[in-house]
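Novice: What follows is coords.cif, mmCIF, C-alpha atoms.
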data_coords
loop_
_atom_site.label_atom_id
_atom_site.label_comp_id
_atom_site.auth_asym_id
_atom_site.auth_seq_id
_atom_site.Cartn_x
_atom_site.Cartn_y
_atom_site.Cartn_z
CA MET A 1474 -164.18 25.28 118.54
CA ASP A 1475 -163.37 28.81 119.72
CA GLU A 1476 -163.18 27.70 123.33
CA GLU A 1477 -160.19 27.69 125.64
CA TYR A 1478 -158.74 24.39 126.85
CA ASP A 1479 -156.10 23.44 129.41
CA VAL A 1480 -154.50 21.05 126.93
CA ILE A 1481 -154.93 20.27 123.23
CA VAL A 1482 -153.69 16.83 122.21
CA LEU A 1483 -152.86 16.19 118.53
CA GLY A 1484 -152.79 12.62 117.22
CA THR A 1485 -154.70 9.62 118.58
CA GLY A 1486 -151.76 7.23 118.88
CA LEU A 1487 -151.62 5.12 121.98
CA LYS A 1488 -149.28 7.45 123.92
CA GLU A 1489 -151.37 10.52 123.11
CA CYS A 1490 -154.59 8.74 124.11
CA ILE A 1491 -153.18 7.59 127.45
CA ILE A 1492 -151.96 11.14 128.24
CA SER A 1493 -155.32 12.59 127.18
CA GLY A 1494 -157.15 10.09 129.42
CA LEU A 1495 -154.90 10.75 132.44
CA LEU A 1496 -155.24 14.53 132.11
CA SER A 1497 -159.04 14.27 131.73
CA VAL A 1498 -159.26 12.12 134.88
CA ASP A 1499 -157.21 14.83 136.63
CA GLY A 1500 -159.98 17.30 135.82
CA LEU A 1501 -158.23 19.22 133.02
CA LYS A 1502 -160.26 20.42 130.04
CA VAL A 1503 -158.87 18.49 127.05
CA LEU A 1504 -159.48 18.82 123.30
CA HIS A 1505 -158.14 15.88 121.31
CA MET A 1506 -157.76 16.18 117.52
CA ASP A 1507 -156.42 14.01 114.71
CA ARG A 1508 -155.92 14.80 111.02
CA ASN A 1509 -156.84 11.18 110.18
CA ASP A 1510 -160.39 9.83 110.06
CA TYR A 1511 -159.43 6.87 112.29
CA TYR A 1512 -158.03 6.36 115.79
CA GLY A 1513 -154.52 5.18 116.47
CA GLY A 1514 -152.12 7.22 114.30
CA GLU A 1515 -148.88 5.24 114.02
CA SER A 1516 -150.27 2.63 116.43
CA SER A 1517 -153.48 1.94 114.49
CA SER A 1518 -154.85 -1.50 113.72
CA LEU A 1519 -155.53 -2.37 110.05
CA ASN A 1520 -157.83 -4.85 108.33
CA LEU A 1521 -156.39 -6.87 105.44
CA THR A 1522 -157.54 -4.50 102.68
CA LYS A 1523 -155.96 -1.48 104.44
CA LEU A 1524 -152.79 -3.47 105.15
CA TRP A 1525 -152.56 -4.47 101.48
CA LYS A 1526 -153.13 -0.91 100.32
CA ARG A 1527 -150.49 0.48 102.66
CA PHE A 1528 -147.73 -1.99 101.77
CA LYS A 1529 -148.66 -3.30 98.30
CA GLY A 1530 -150.29 -0.21 96.82
CA ASN A 1531 -153.65 -1.77 95.85
CA ASP A 1532 -156.72 -2.88 97.78
CA SER A 1533 -157.34 -6.38 96.43
CA PRO A 1534 -155.61 -8.97 98.65
CA PRO A 1535 -155.78 -12.61 97.45
CA GLU A 1536 -158.89 -14.54 98.54
CA HIS A 1537 -156.99 -17.39 100.16
CA LEU A 1538 -155.98 -15.03 103.01
CA GLY A 1539 -159.62 -14.85 104.17
CA VAL A 1540 -162.08 -12.10 105.02
CA SER A 1541 -160.50 -8.64 105.33
CA LYS A 1542 -162.56 -7.45 108.31
CA GLU A 1543 -161.48 -10.46 110.41
CA TYR A 1544 -157.94 -9.05 110.43
CA ASN A 1545 -156.90 -6.55 113.12
CA VAL A 1546 -153.20 -6.12 112.42
CA ASP A 1547 -151.50 -3.78 114.89
CA MET A 1548 -148.93 -1.48 113.33
CA VAL A 1549 -147.05 -1.26 116.63
CA PRO A 1550 -147.69 -4.62 118.27
CA LYS A 1551 -146.71 -4.80 121.93
CA PHE A 1552 -147.69 -7.21 124.70
CA MET A 1553 -148.50 -5.92 128.19
CA MET A 1554 -146.87 -7.20 131.34
CA ALA A 1555 -149.76 -8.53 133.47
CA ASN A 1556 -148.64 -6.54 136.55
CA GLY A 1557 -146.86 -3.84 134.55
CA ALA A 1558 -147.26 -0.09 134.42
CA LEU A 1559 -149.71 -0.03 131.50
CA VAL A 1560 -152.14 -2.39 133.24
CA ARG A 1561 -151.85 -0.18 136.34
CA VAL A 1562 -152.66 2.89 134.21
CA LEU A 1563 -155.65 1.07 132.72
CA ILE A 1564 -156.94 0.25 136.21
CA HIS A 1565 -156.15 3.76 137.54
CA THR A 1566 -158.31 5.22 134.76
CA SER A 1567 -160.95 2.42 134.77
CA VAL A 1568 -160.30 1.79 131.07
CA THR A 1569 -160.27 -1.95 131.85
CA LYS A 1570 -164.06 -1.94 131.66
CA TYR A 1571 -163.88 -1.25 127.91
CA LEU A 1572 -161.44 -4.07 127.12
CA ASN A 1573 -161.18 -7.84 127.25
CA PHE A 1574 -157.75 -9.35 127.78
CA LYS A 1575 -156.40 -12.80 127.17
CA ALA A 1576 -153.13 -14.26 128.47
CA VAL A 1577 -150.25 -14.70 126.00
CA ASP A 1578 -149.17 -18.34 125.67
CA GLY A 1579 -145.40 -18.18 125.55
CA SER A 1580 -142.28 -16.13 126.28
CA PHE A 1581 -139.11 -17.39 124.64
CA VAL A 1582 -135.49 -16.40 124.10
CA TYR A 1583 -133.12 -17.25 121.24
CA ASN A 1584 -129.86 -18.77 122.47
CA ASN A 1585 -127.14 -20.56 120.47
CA GLY A 1586 -129.38 -21.07 117.45
CA LYS A 1587 -132.38 -22.46 119.35
CA ILE A 1588 -135.61 -21.14 120.92
CA HIS A 1589 -135.96 -21.71 124.68
CA LYS A 1590 -138.72 -20.86 127.16
CA VAL A 1591 -137.57 -17.99 129.38
CA PRO A 1592 -137.10 -19.39 132.92
CA ALA A 1593 -138.34 -16.87 135.49
CA THR A 1594 -138.27 -18.72 138.83
CA ASP A 1595 -135.90 -21.01 140.73
CA VAL A 1596 -138.07 -24.03 139.78
CA GLU A 1597 -138.03 -23.13 136.09
CA ALA A 1598 -134.27 -22.51 136.19
CA LEU A 1599 -133.72 -26.14 137.25
CA LYS A 1600 -135.90 -27.43 134.40
CA SER A 1601 -134.45 -25.15 131.71
CA ASN A 1602 -132.34 -26.60 128.92
CA LEU A 1603 -130.69 -23.19 128.48
CA MET A 1604 -128.05 -24.10 131.05
CA GLY A 1605 -125.86 -26.98 132.11
CA LEU A 1606 -126.32 -28.69 135.49
CA PHE A 1607 -123.95 -26.54 137.58
CA GLU A 1608 -125.10 -23.32 135.93
CA LYS A 1609 -128.72 -24.26 136.72
CA ARG A 1610 -127.83 -24.46 140.41
CA ARG A 1611 -126.07 -21.09 140.33
CA ALA A 1612 -129.00 -19.51 138.46
CA ARG A 1613 -131.44 -21.08 140.92
CA LYS A 1614 -129.62 -19.40 143.84
CA PHE A 1615 -129.72 -16.06 142.04
CA PHE A 1616 -133.45 -16.41 141.28
CA ILE A 1617 -134.17 -17.25 144.94
CA TYR A 1618 -132.24 -14.13 145.99
CA VAL A 1619 -134.33 -12.00 143.59
CA GLN A 1620 -137.63 -13.63 144.63
CA ASP A 1621 -136.89 -13.10 148.33
CA TYR A 1622 -135.56 -9.56 147.93
CA GLU A 1623 -137.76 -6.93 149.59
CA GLU A 1624 -136.63 -3.31 149.46
CA GLU A 1625 -138.00 -2.60 152.94
CA ASP A 1626 -136.45 -5.67 154.56
CA PRO A 1627 -132.64 -5.40 155.02
CA LYS A 1628 -132.50 -9.09 156.06
CA SER A 1629 -133.34 -10.05 152.46
CA HIS A 1630 -130.49 -7.94 151.02
CA GLU A 1631 -127.69 -10.36 151.96
CA GLY A 1632 -125.44 -7.41 152.75
CA LEU A 1633 -125.83 -5.84 149.28
CA ASP A 1634 -127.05 -2.27 148.87
CA LEU A 1635 -128.68 -2.55 145.44
CA THR A 1636 -128.93 1.22 145.10
CA LYS A 1637 -125.12 1.28 144.95
CA VAL A 1638 -123.92 -2.17 143.87
CA THR A 1639 -123.99 -2.67 140.09
CA THR A 1640 -125.82 -5.51 138.35
CA ARG A 1641 -122.48 -6.82 137.12
CA GLU A 1642 -121.20 -7.09 140.72
CA VAL A 1643 -124.33 -8.93 141.90
CA ILE A 1644 -124.17 -11.35 138.98
CA SER A 1645 -120.46 -12.03 139.54
CA LYS A 1646 -121.24 -12.92 143.17
CA TYR A 1647 -123.34 -15.82 141.79
CA GLY A 1648 -120.77 -16.69 139.12
CA LEU A 1649 -123.24 -16.73 136.22
CA GLU A 1650 -122.04 -17.40 132.68
CA ASP A 1651 -122.35 -14.83 129.87
CA ASP A 1652 -125.19 -16.65 128.08
CA THR A 1653 -127.19 -16.77 131.32
CA VAL A 1654 -126.58 -13.07 131.96
CA ASP A 1655 -127.69 -12.44 128.36
CA PHE A 1656 -131.15 -14.00 128.71
CA ILE A 1657 -131.68 -12.60 132.23
CA GLY A 1658 -130.85 -9.05 131.11
CA HIS A 1659 -132.68 -9.03 127.78
CA ALA A 1660 -135.53 -11.57 128.00
CA LEU A 1661 -136.40 -11.34 131.72
CA ALA A 1662 -135.44 -7.81 132.79
CA LEU A 1663 -136.22 -6.58 129.23
CA HIS A 1664 -133.21 -4.27 128.96
CA ARG A 1665 -132.58 -3.13 125.39
CA ASP A 1666 -128.80 -2.76 125.71
CA ASP A 1667 -126.07 -3.77 128.18
CA SER A 1668 -125.59 -0.46 129.98
CA TYR A 1669 -127.67 -1.89 132.88
CA LEU A 1670 -124.70 -4.06 133.90
CA ASP A 1671 -122.83 -1.01 135.19
CA GLU A 1672 -125.85 0.63 136.79
CA PRO A 1673 -127.30 0.00 140.30
CA ALA A 1674 -128.81 -3.50 140.42
CA LEU A 1675 -132.09 -2.44 142.04
CA ASP A 1676 -133.77 -1.65 138.70
CA THR A 1677 -132.85 -5.05 137.22
CA VAL A 1678 -134.01 -6.91 140.34
CA LYS A 1679 -137.34 -5.02 140.26
CA ARG A 1680 -137.78 -5.86 136.56
CA MET A 1681 -137.11 -9.56 137.24
CA LYS A 1682 -139.60 -9.54 140.11
CA LEU A 1683 -142.21 -7.86 137.91
CA TYR A 1684 -141.72 -10.58 135.27
CA ALA A 1685 -142.06 -13.40 137.83
CA GLU A 1686 -145.10 -11.81 139.55
CA SER A 1687 -146.78 -11.21 136.18
CA LEU A 1688 -146.06 -14.80 135.17
CA ALA A 1689 -147.69 -16.08 138.39
CA ARG A 1690 -150.77 -13.92 137.82
CA PHE A 1691 -152.53 -16.23 135.36
CA GLN A 1692 -150.45 -19.39 135.81
CA GLY A 1693 -149.87 -19.29 132.04
CA GLY A 1694 -146.75 -19.69 129.96
CA SER A 1695 -145.87 -16.00 129.87
CA PRO A 1696 -146.13 -12.82 131.96
CA TYR A 1697 -147.93 -11.02 129.13
CA ILE A 1698 -151.54 -10.25 128.29
CA TYR A 1699 -153.05 -8.80 125.11
CA PRO A 1700 -156.48 -7.34 124.30
CA LEU A 1701 -158.89 -9.35 122.19
CA TYR A 1702 -159.07 -7.70 118.74
CA GLY A 1703 -155.60 -6.22 119.31
CA LEU A 1704 -154.35 -2.86 120.45
CA GLY A 1705 -156.63 -0.87 118.15
CA GLU A 1706 -159.19 -1.13 120.95
CA LEU A 1707 -156.98 0.82 123.37
CA PRO A 1708 -157.00 4.33 121.81
CA GLN A 1709 -160.78 4.09 121.44
CA ALA A 1710 -161.15 3.00 125.07
CA PHE A 1711 -159.15 6.06 126.18
CA ALA A 1712 -161.25 8.25 123.89
CA ARG A 1713 -164.39 6.99 125.66
CA LEU A 1714 -162.76 7.63 129.01
CA SER A 1715 -161.84 11.19 128.06
CA ALA A 1716 -165.42 11.83 126.87
CA VAL A 1717 -166.81 10.59 130.21
CA TYR A 1718 -164.71 13.28 131.93
CA GLY A 1719 -165.78 16.02 129.53
CA GLY A 1720 -162.91 15.77 127.03
CA THR A 1721 -163.71 16.50 123.37
CA TYR A 1722 -162.51 14.31 120.49
CA MET A 1723 -162.41 15.45 116.85
CA LEU A 1724 -161.21 13.14 114.07
CA ASN A 1725 -160.61 14.08 110.42
CA LYS A 1726 -159.44 17.64 111.25
CA PRO A 1727 -157.16 18.76 108.41
CA GLU A 1728 -153.94 20.70 109.01
CA CYS A 1729 -154.05 21.08 112.83
CA LYS A 1730 -151.58 23.97 112.84
CA VAL A 1731 -150.06 24.86 116.21
CA GLU A 1732 -150.13 28.65 116.79
CA PHE A 1733 -147.29 30.42 118.62
CA ASP A 1734 -147.18 33.88 120.20
CA GLU A 1735 -144.28 36.36 119.79
CA SER A 1736 -142.32 34.73 122.61
CA GLY A 1737 -142.53 31.32 120.90
CA LYS A 1738 -145.11 29.82 123.28
CA ALA A 1739 -147.93 27.70 121.85
CA TYR A 1740 -151.33 29.26 122.53
CA GLY A 1741 -153.71 27.29 120.33
CA VAL A 1742 -154.36 25.08 117.32
CA THR A 1743 -156.01 26.12 114.05
CA SER A 1744 -158.00 23.77 111.81
CA GLU A 1745 -160.43 24.72 109.05
CA GLY A 1746 -160.12 28.42 109.85
CA GLU A 1747 -161.00 28.08 113.55
CA THR A 1748 -158.51 28.41 116.40
CA ALA A 1749 -158.97 26.63 119.72
CA LYS A 1750 -156.92 28.25 122.48
CA CYS A 1751 -154.96 26.30 125.09
CA LYS A 1752 -152.25 26.51 127.72
CA LYS A 1753 -150.33 23.43 126.53
CA VAL A 1754 -150.06 21.30 123.38
CA VAL A 1755 -149.31 17.56 123.43
CA CYS A 1756 -148.60 15.84 120.11
CA ASP A 1757 -146.76 13.12 118.24
CA PRO A 1758 -143.64 14.08 116.22
CA SER A 1759 -145.55 14.36 112.91
CA TYR A 1760 -147.45 17.49 114.05
CA LEU A 1761 -144.32 19.51 114.95
CA PRO A 1762 -141.50 18.06 112.82
CA GLU A 1763 -139.29 21.10 113.48
CA LYS A 1764 -139.25 20.28 117.22
CA VAL A 1765 -137.92 16.70 116.99
CA LYS A 1766 -134.65 15.03 116.07
CA LYS A 1767 -134.18 11.69 114.31
CA VAL A 1768 -132.56 9.19 116.68
CA GLY A 1769 -132.78 5.97 114.70
CA LYS A 1770 -135.06 3.81 112.61
CA VAL A 1771 -137.00 0.60 113.08
CA ALA A 1772 -137.01 -2.25 110.54
CA ARG A 1773 -139.94 -4.63 110.66
CA ALA A 1774 -141.57 -7.47 108.80
CA ILE A 1775 -145.28 -8.34 109.08
CA CYS A 1776 -145.97 -11.96 108.14
CA ILE A 1777 -149.23 -13.87 107.62
CA MET A 1778 -148.95 -17.61 108.34
CA LYS A 1779 -151.25 -20.59 108.85
CA HIS A 1780 -149.38 -22.27 111.70
CA PRO A 1781 -147.80 -21.38 115.06
CA ILE A 1782 -144.06 -20.62 115.18
CA PRO A 1783 -142.14 -23.95 115.32
CA ASP A 1784 -140.59 -24.96 118.68
CA THR A 1785 -142.92 -22.71 120.69
CA LYS A 1786 -145.14 -25.59 121.94
CA ASP A 1787 -147.87 -24.65 119.41
CA SER A 1788 -148.35 -21.29 121.13
CA HIS A 1789 -151.05 -19.13 119.54
CA SER A 1790 -149.48 -16.00 120.99
CA VAL A 1791 -145.81 -15.64 121.74
CA GLN A 1792 -142.86 -13.30 122.14
CA ILE A 1793 -139.32 -14.35 121.25
CA ILE A 1794 -136.42 -12.07 122.12
CA LEU A 1795 -133.18 -12.51 120.15
CA PRO A 1796 -130.48 -10.80 122.28
CA LYS A 1797 -128.04 -8.71 120.25
CA LYS A 1798 -125.02 -10.72 121.40
CA GLN A 1799 -126.53 -13.90 119.94
CA LEU A 1800 -126.83 -12.19 116.54
CA LYS A 1801 -123.62 -10.13 116.81
CA ARG A 1802 -125.72 -6.97 116.39
CA LYS A 1803 -125.89 -3.61 118.15
CA SER A 1804 -129.50 -4.15 119.26
CA ASP A 1805 -131.93 -6.94 120.10
CA MET A 1806 -134.41 -8.41 117.63
CA TYR A 1807 -138.01 -9.17 118.60
CA VAL A 1808 -140.55 -11.67 117.28
CA PHE A 1809 -144.23 -11.21 118.15
CA CYS A 1810 -146.94 -13.64 117.11
CA CYS A 1811 -150.70 -13.56 117.61
CA SER A 1812 -153.55 -15.46 115.98
CA TYR A 1813 -157.27 -15.96 115.62
CA ALA A 1814 -157.25 -16.91 119.34
CA HIS A 1815 -156.93 -13.17 120.08
CA ASN A 1816 -159.37 -12.29 117.25
CA VAL A 1817 -156.68 -10.54 115.19
CA ALA A 1818 -156.99 -12.84 112.14
CA PRO A 1819 -159.47 -15.30 110.56
CA LYS A 1820 -159.61 -18.86 111.92
CA GLY A 1821 -156.44 -20.78 111.18
CA LYS A 1822 -154.34 -17.65 110.49
CA PHE A 1823 -151.40 -16.28 112.50
CA ILE A 1824 -149.80 -12.84 112.31
CA ALA A 1825 -146.09 -12.59 113.13
CA PHE A 1826 -143.94 -9.47 113.42
CA VAL A 1827 -140.16 -9.33 113.39
CA SER A 1828 -138.66 -5.98 114.43
CA THR A 1829 -135.34 -4.44 115.37
CA GLU A 1830 -133.52 -1.12 115.50
CA ALA A 1831 -132.36 -0.87 111.86
CA GLU A 1832 -128.62 -0.89 111.20
CA THR A 1833 -128.95 -0.98 107.38
CA ASP A 1834 -131.51 0.00 104.70
CA LYS A 1835 -132.23 -3.63 103.83
CA PRO A 1836 -134.89 -5.00 106.23
CA GLU A 1837 -135.31 -8.27 104.29
CA ILE A 1838 -131.64 -9.15 104.94
CA GLU A 1839 -131.40 -7.62 108.41
CA LEU A 1840 -134.53 -9.35 109.77
CA LYS A 1841 -133.63 -12.78 108.35
CA PRO A 1842 -132.57 -14.33 111.72
CA GLY A 1843 -136.06 -13.63 113.10
CA ILE A 1844 -137.95 -14.54 109.92
CA ASP A 1845 -136.05 -17.85 109.71
CA LEU A 1846 -137.66 -18.90 113.02
CA LEU A 1847 -141.19 -18.54 111.63
CA GLY A 1848 -141.37 -21.51 109.23
CA PRO A 1849 -143.38 -21.20 105.98
CA VAL A 1850 -144.95 -17.76 105.48
CA GLU A 1851 -147.91 -16.96 103.19
CA GLU A 1852 -147.27 -13.23 102.85
CA THR A 1853 -144.61 -10.78 104.09
CA PHE A 1854 -144.66 -6.97 104.23
CA PHE A 1855 -141.40 -5.11 104.92
CA ASP A 1856 -141.18 -1.62 106.36
CA ILE A 1857 -138.66 0.84 107.81
CA TYR A 1858 -139.71 3.92 109.79
CA ASP A 1859 -137.72 6.72 111.42
CA ARG A 1860 -137.65 7.12 115.17
CA TYR A 1861 -137.88 10.65 116.61
CA GLU A 1862 -137.40 12.24 120.02
CA PRO A 1863 -138.31 15.80 121.07
CA SER A 1864 -135.53 18.41 120.73
CA ASN A 1865 -137.49 21.34 122.21
CA ASN A 1866 -137.76 22.75 125.72
CA PRO A 1867 -141.44 22.52 126.86
CA GLU A 1868 -140.86 25.23 129.49
CA GLU A 1869 -140.13 27.68 126.68
CA ASP A 1870 -142.75 26.69 124.08
CA SER A 1871 -145.46 24.78 126.06
CA CYS A 1872 -145.22 21.89 123.56
CA PHE A 1873 -144.97 18.35 124.91
CA LEU A 1874 -144.01 15.80 122.26
CA THR A 1875 -144.08 12.03 122.50
CA ASN A 1876 -141.22 9.79 121.33
CA SER A 1877 -141.71 7.49 118.33
CA TYR A 1878 -142.31 3.80 119.12
CA ASP A 1879 -139.23 1.60 119.50
CA ALA A 1880 -138.72 -1.90 118.08
CA SER A 1881 -139.57 -3.78 121.29
CA THR A 1882 -142.66 -6.01 121.41
CA HIS A 1883 -143.62 -5.18 124.99
CA PHE A 1884 -145.03 -2.02 126.52
CA GLU A 1885 -142.58 -1.27 129.30
CA THR A 1886 -140.60 1.46 127.44
CA THR A 1887 -143.76 3.04 125.98
CA VAL A 1888 -145.36 3.51 129.41
CA LYS A 1889 -142.13 4.92 130.80
CA ASP A 1890 -142.26 7.62 128.10
CA VAL A 1891 -145.91 8.39 128.89
CA LEU A 1892 -145.35 8.65 132.66
CA ALA A 1893 -142.32 10.93 132.16
CA LEU A 1894 -144.40 13.17 129.88
CA TYR A 1895 -147.29 13.22 132.37
CA ASN A 1896 -144.81 14.33 135.03
CA LYS A 1897 -143.50 17.15 132.77
CA ILE A 1898 -147.02 18.38 131.94
CA THR A 1899 -148.50 18.25 135.45
CA GLY A 1900 -145.41 18.50 137.65
CA LYS A 1901 -146.52 15.43 139.63
CA GLU A 1902 -145.86 11.69 139.68
CA LEU A 1903 -148.75 9.41 138.74
CA ASP A 1904 -149.71 7.17 141.67
CA LEU A 1905 -149.86 3.65 140.28
CA SER A 1906 -150.47 1.81 143.54
CA VAL A 1907 -153.74 0.22 142.42
CA ASP A 1908 -155.56 -3.02 143.20
CA LEU A 1909 -154.40 -5.26 140.35
CA ASN A 1910 -157.40 -7.53 140.87
CA ALA A 1911 -159.57 -4.73 139.53
CA ALA A 1912 -158.61 -5.87 136.02
CA SER A 1913 -159.56 -9.49 136.57
CA ALA A 1914 -163.21 -9.21 135.49
CA ALA A 1915 -162.18 -8.20 132.00
CA GLU A 1916 -159.46 -10.83 132.01
CA GLN A 1917 -161.63 -13.81 132.87
CA GLU A 1918 -160.64 -15.51 129.63
CA ALA A 1919 -157.00 -15.29 130.61
CA ALA A 1920 -157.52 -17.21 133.82
#
As a first step, turn the structure in this file into structure tokens.
Specialist:
Amino acid sequence: MDEEYDVIVLGTGLKECIISGLLSVDGLKVLHMDRNDYYGGESSSLNLTKLWKRFKGNDSPPEHLGVSKEYNVDMVPKFMMANGALVRVLIHTSVTKYLNFKAVDGSFVYNNGKIHKVPATDVEALKSNLMGLFEKRRARKFFIYVQDYEEEDPKSHEGLDLTKVTTREVISKYGLEDDTVDFIGHALALHRDDSYLDEPALDTVKRMKLYAESLARFQGGSPYIYPLYGLGELPQAFARLSAVYGGTYMLNKPECKVEFDESGKAYGVTSEGETAKCKKVVCDPSYLPEKVKKVGKVARAICIMKHPIPDTKDSHSVQIILPKKQLKRKSDMYVFCCSYAHNVAPKGKFIAFVSTEAETDKPEIELKPGIDLLGPVEETFFDIYDRYEPSNNPEEDSCFLTNSYDASTHFETTVKDVLALYNKITGKELDLSVDLNAASAAEQEAA
């Protein structure tokens, strides 16, 4: 281990594995270590026995829940946008060849006490029961504007400079009602708060276009895809990728102590009495707790059921977004459901997650609006975890820390974090202009 590396990565969570893979592909010499004896860190995937042990304190789950090894329960479940940044990263790094994807059945939004399919195109807007007749027509016009908008073509801008005009101003031009704005902003554009309304509209329009293009990709009921056997496959796929490019992976390495020189710069990592030297350290917050600050906490419930979520058209995989305004909360709530169709549970079983940015210390009360949508539940596990962000300056200490995972059930924010970190480490932007069809072989089942 007494070699010198360009970068040492600590922790095999999803963000760390993506960074490790990208840096390896760039030709950097990477050593990747984890104190655990399994891949995934916070974003690992657990079988039923491990799930039971973690949340119930013993390792003998009841027999009626089925065979333990047929469960692959993601601790940080997130769907991928079919044309989104993560899929582009997977293609850029050729990780798609290690994974099989399947389309997600449904994308829904909670509005006035009911679950509705998220309309993403002008045609769907006219069919949606989210809006009254006149509002449908207004929404249809807005969707057509978004669909036709091309950044390079001023004719499609209708006199609006979206780099300057705010989202609120664009929406008011179409006269959309508050409830419509709510589902467009939170369930289509996937904003997590309402600050976007006073920011340039270009970002929101791009997010809406991404949703609609991803939806069209597989002609399914949602813009999302998900790997068979869950996300636990992803860190391992990136580990394989890194190995192909000469990266070294070491699991079960106790301590993993980052070493600093007199000026406070990291120069290596020590484990079991050996020090590997490096120019930069990348890690999750748990490896350098003194260099992060707590910024919030996530409350979540993991539920095992034997039926799909009611009112979701019997969808075997689904996301429901409950916008904060609908719940009179400070942040949105998310429901994620997957089943044996994605090989994450035994036949006939469904796994649902309800998550939100915690505002109290009582997840069972706070998550009730989401849990109430699920119908009868066989087993529920509650959990709250702290969310951290880096508080250090990487230019001074050569330490690049990832953020904790947020409550959202899609990958868009996670990839944003990873790409920003990649930019900090390498000083360059990652080129994600890839041929999206390159992922289709692995996604045959989604077609």
Novice: Sort by chain and increasing residue number a table of all residues of range 1553-1611 of chain A within 10 Å of range 1812-1836 of chain A, each with its closest pair of atoms and their distance in Å to one decimal, counting all atoms listed in the file, and write it as a Markdown table.
Specialist:
| residue | atom | partner | partner_atom | distance |
| --- | --- | --- | --- | --- |
| A:Asn1573 | CA | A:His1815 | CA | 9.9 |
| A:Phe1574 | CA | A:His1815 | CA | 8.6 |
| A:Lys1575 | CA | A:His1815 | CA | 7.1 |
| A:Ala1576 | CA | A:His1815 | CA | 9.3 |
| A:Val1577 | CA | A:His1815 | CA | 9.1 |
Novice: Give the answer as one residue: which of A:Arg1508, A:Lys1551, A:Arg1690, A:Lys1752 has the shortest atom-to-atom distance to Pro1727 in chain A, using all atoms listed in the file?
Specialist: A:Arg1508
Novice: Which is closer to Ile1698 in chain A than all the others in A:Phe1884, A:Tyr1807, A:Tyr1618, A:Phe1656, using all atoms listed in the file?
Specialist: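 Comparing A:Phe1884, A:Tyr1807, A:Tyr1618, A:Phe1656 against Ile1698 in chain A, the winner is A:Phe1884.
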Novice: Using the chain letters and residue numbers of this document, give as a PDB file with C-alpha atoms, keeping the file's coordinate frame the residues selected by the PyMOL selection byres ((chain A and resi 1552) around 7).
Specialist:
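So the final result, stored in out-v1.pdb, reads:
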ATOM      1  CA  PRO A1550    -147.690  -4.620 118.270  1.00  0.00           C
ATOM      2  CA  LYS A1551    -146.710  -4.800 121.930  1.00  0.00           C
ATOM      3  CA  MET A1553    -148.500  -5.920 128.190  1.00  0.00           C
ATOM      4  CA  MET A1554    -146.870  -7.200 131.340  1.00  0.00           C
ATOM      5  CA  TYR A1697    -147.930 -11.020 129.130  1.00  0.00           C
ATOM      6  CA  ILE A1698    -151.540 -10.250 128.290  1.00  0.00           C
ATOM      7  CA  TYR A1699    -153.050  -8.800 125.110  1.00  0.00           C
ATOM      8  CA  THR A1882    -142.660  -6.010 121.410  1.00  0.00           C
ATOM      9  CA  HIS A1883    -143.620  -5.180 124.990  1.00  0.00           C
ATOM     10  CA  PHE A1884    -145.030  -2.020 126.520  1.00  0.00           C
TER      11      PHE A1884
END
Novice: List the residues matched by the PyMOL selection byres ((chain A and resi 1796-1803) around 10) in the displayed structure as a PyMOL selection string, ordered by chain and then by residue number.
Specialist: chain A and resi 1582-1586+1651-1652+1655-1656+1658-1660+1663-1667+1793-1795+1804-1807+1829-1832+1839+1842-1843
Novice: If the PyMOL selection byres ((chain A and resi 1528) around 12) is run on the structure shown, which residues does it catch, given as a count of residues only?
Specialist: 24
Novice: Contacts of range 1638-1650 of chain A at 9 Å or less, counting all atoms listed in the file, minus same-chain residues fewer than 6 places along, as a ChimeraX atom specification?
Specialist: /A:1608,1611-1612,1614-1615,1669-1678
Novice: When you count only C-alpha atoms, which of these residues is closest to Ser1877 in chain A: A:Arg1561, A:Lys1889, A:Lys1770, A:Lys1764?
Specialist: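 That would be A:Lys1770, the residue with the smallest distance to Ser1877 in chain A.
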Novice: So which one's closest to Val1568 in chain A, A:Lys1897, A:His1789, A:Arg1713, A:Arg1773? Using all atoms listed in the file, please.
Specialist: A:Arg1713
Novice: Since the input lacks some atoms of range 1851-1856 of chain A, please model N, CA and C atoms and print them as a PDB file, in the frame of the given file.
Specialist:
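Here's the written file rebuild-v4.pdb:
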ATOM      1  N   GLU A1851    -147.050 -17.174 104.364  1.00  0.00           N
ATOM      2  CA  GLU A1851    -147.910 -16.960 103.190  1.00  0.00           C
ATOM      3  C   GLU A1851    -147.662 -15.592 102.551  1.00  0.00           C
ATOM      4  N   GLU A1852    -147.431 -14.592 103.372  1.00  0.00           N
ATOM      5  CA  GLU A1852    -147.270 -13.230 102.850  1.00  0.00           C
ATOM      6  C   GLU A1852    -146.395 -12.433 103.799  1.00  0.00           C
ATOM      7  N   THR A1853    -145.479 -11.620 103.245  1.00  0.00           N
ATOM      8  CA  THR A1853    -144.610 -10.780 104.090  1.00  0.00           C
ATOM      9  C   THR A1853    -144.636  -9.339 103.593  1.00  0.00           C
ATOM     10  N   PHE A1854    -144.726  -8.397 104.538  1.00  0.00           N
ATOM     11  CA  PHE A1854    -144.660  -6.970 104.230  1.00  0.00           C
ATOM     12  C   PHE A1854    -143.446  -6.404 104.971  1.00  0.00           C
ATOM     13  N   PHE A1855    -142.562  -5.715 104.268  1.00  0.00           N
ATOM     14  CA  PHE A1855    -141.400  -5.110 104.920  1.00  0.00           C
ATOM     15  C   PHE A1855    -141.596  -3.601 105.052  1.00  0.00           C
ATOM     16  N   ASP A1856    -140.976  -3.043 106.089  1.00  0.00           N
ATOM     17  CA  ASP A1856    -141.180  -1.620 106.360  1.00  0.00           C
ATOM     18  C   ASP A1856    -140.005  -1.094 107.183  1.00  0.00           C
TER      19      ASP A1856
END
